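Okay, so here's the structure we're looking at.
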Amino acid sequence: MSAEATNPATPVPMTTGGQRRRGRARLDLRRLGRAALLGPATRDRLPDAIGHVAEAHRAHYPDADLEPLRRAYVLAESSHRGQTRKSGEPYITHPLAVTLILAQLGAEITTLTASLLHDTVEDTDVTLDQVRAEFGDDVCYLVDGVTKLEKVDYGAAAEPETFRKMLVATGNDVRVMSIKLADRLHNMRTLGVMRPEKQARIAKVTRDVLIPLAERLGVQALKTELEDLVFAILHPQEYAEVKALIDANAARERDPLGDIAGEVRGVLREAGITADVLIRPRHFLSVHRVHRKRGELRASDYGRLLVLVNEDADCYGVLGELHTCFTPVVSEFKDFIAVPKFNLYQSLHTAVALPDGQVAEVLIRTHQMHQVAEAGVVALRNPYAPSSEEPSERADDERVDPTRPGWLSRLLDWQEAAPDPDTFWSTLREDLAQDREIAVFRPDGGTLGLPAGASCVDAAYAQYGEDAHACIGARVNGRLATLSTVLRDGDTVQLLMGQDATSGPSSEWLDHARTPGARIAIRRWLTTHPAPAPAPTPSRRRPAQQTPVTTTRPEAADASRPAAASAVVDREGATVRLAGCCTPVPPDAITAFAVRGGVVTVHRVGCPAVERMKTVGRAEVGVRWGDTTECRVTLTAESFGRAHLLADLTEAIALEGVAIISATVEPPTQQRVRHTYTLQLPDAAHLPALMRAMRAVPGVYDVSRAQHPAAAAH
């Protein structure tokens, strides 16, 4: 049961001129409590206690049927009768206040009905079956979703397991979380009666869990007030300093933002653009952040201009007029209309500089965008009502279903794998602390939402779940990249998957995994697949630094000097060798040079050594390919590291009927491995097919003819 009382230190929303924000004053909860105790006067008349709720609701739904609301109030009031909050107020004042918050945000009747009843199952004798029978399955689901688990049953795990239950319910219906956020806001408004240590504990959970959830669901009106309430409790000294700054600014005789707003209204009126130009004060924590960032604050830093128009196109018309008539601060421009934020937010952000040094930040949006910016998912009205619109063709796209955003889907996925409440609770806070999200695109046009700083490892697990264990690399914007590559907003990511079902991640992947889902999956695989213990070594010498592994056929010990039976030079008695630096094969264009000991080396025309030979004065020797088709060539295979790769490559080469003279495998660097093979081909014309077969081996991303500068000169 919530039992907090009014907190006299509750922050008041700051406005220009030091006045409260225009509109309905905060309700007298004691008066509402007295009205609640009287109960409904007649069956067909709304009780006075919910008159404010009805008024707020009909501002959004003029033709709403309020009968479910009346019946919910009657049940809630009678069930909570006799219960009081620690302030002495009738307990019914709490569900009434929570319901009013949601009604003002534009919640529909099902949400409001469940909000009135949200504590009945938890704190009274009312059962879920009764709620279902009286109000239907949807209301019952919402009430159950926000009902806490009992400490008697769960002990210390009650709070994290309650949040786990609530998040799972939110995955099916986001209205669950909207009720919880409004519930927490009212409790935070009335937290002053609690002991300081309990105030701090509740404020920290609000900061770490509820505020990030409000941000992700786009409910800025709740988020900003929660931030100020938490700021006042956890940082009272800083809060007092900010309050003093705001009070001093409100006492100024001249309001620069008011002057700028007047000029903007005049500019837009002359341009024929219908718009409302409002001053939007910064809330306390926002002023604190700006103060820490900029030091001394200008008068224009205490608020921003908000320009509201009717159509999307008008937003850009306003932007054009502002940038024409004022000096724009280009670095401050952001277009969240063309590219909305992951929490539905849309707006144009810009700033204009004035001759006196003031800089005014401006937000430009439509009235509908503003409603969504303030109320987020609550502004979607009933997102689960049947619609005649065609369903999206891309059901897996991040932005297709705004009521089931990608971050929520990922959270629900990893929470299933969290082994215990402590792991879930700590991981949830860590996940929600990542307060900026990026969108990356798949090659098929779908999107993945990831926290800022996420890597290709995170993208792999976001797209494939535990199948990502077989990921061997990626292409980012068409270029090969390691799994450790950090992604940026708007990148296109193609994940390269291996064919070996037994392969898995290495412990190094944990260094690059930012998302909880990726880390939990990797740790679980590593736990179930422990690395084998190193074999004991008889020697006590220090292990040597890793060096390339080289294998050579016994009959081909001199592989660095490949045979050249098919090259014919214009010099009698000369020993002909194919250069090891470029390993030419028919039908390559070739040239030759005489070197020491009567030896002539044959190079590809494009080999870098050719230019060096000419520079030092080596004479070119005429050369052509003979009739022999057999040849020797050195190929380099670039690949991502994985188990059994060497075996798969050598098998692919053998299946092409090619003999391996020698093979060198360099130590892996950043998950990449280089293999170098000297091969004997029965027919030079078969070289392209061999290279294609090697490239087809999973994990291999390039095969090329070797270039060895050290072998160029003799």
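Chain labels A, B, ... are given in the sequence in which chains occur in the structure tokens; within each chain residues are numbered consecutively from 1, and ligands are likewise numbered from 1 in the order shown.
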Sorted per-residue table, region 110-131 of chain A near region 97-102 of chain A, closest atoms and distance, 7 Å, only C-alpha atoms, as JSON lines:
```
{"residue": "A:Leu112", "atom": "CA", "partner": "A:Thr99", "partner_atom": "CA", "distance": 5.6}
{"residue": "A:Ser115", "atom": "CA", "partner": "A:Thr99", "partner_atom": "CA", "distance": 5.5}
{"residue": "A:Leu116", "atom": "CA", "partner": "A:Thr99", "partner_atom": "CA", "distance": 6.0}
```
Go ahead and dump the residues you just picked, C-alpha atoms, as a CSV table (one decimal), in the first residue's frame.
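Wrote out_20.csv, looks like this:
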```csv
chain,number,residue,atom,x,y,z
A,112,LEU,CA,-8.3,5.1,-16.6
A,115,SER,CA,-5.8,3.0,-12.9
A,116,LEU,CA,-8.6,3.6,-10.4
```
Might you pull out every residue within 9 Å of region 643-647 of chain A, with only C-alpha atoms counted and same-chain residues fewer than 6 positions away left off, and present them as a list in words?
-> Asp500, Thr502, Ser503, Gly504, Val665, His675, Val697, Pro698, Gly699 and Val700 of chain A
CA of Val633 (chain A) and CA of Thr583 (chain A), how far apart in Å?
->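 CA of Val633 (chain A) lies at a distance of 5.2 Å from CA of Thr583 (chain A).
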Could you pull out all residues of region 191-405 of chain A with a DSSP call of strand (DSSP E) and give them as a PyMOL selection string?
-> chain A and resi 276-281+303-309+327-328+334-335+348-353+359-366
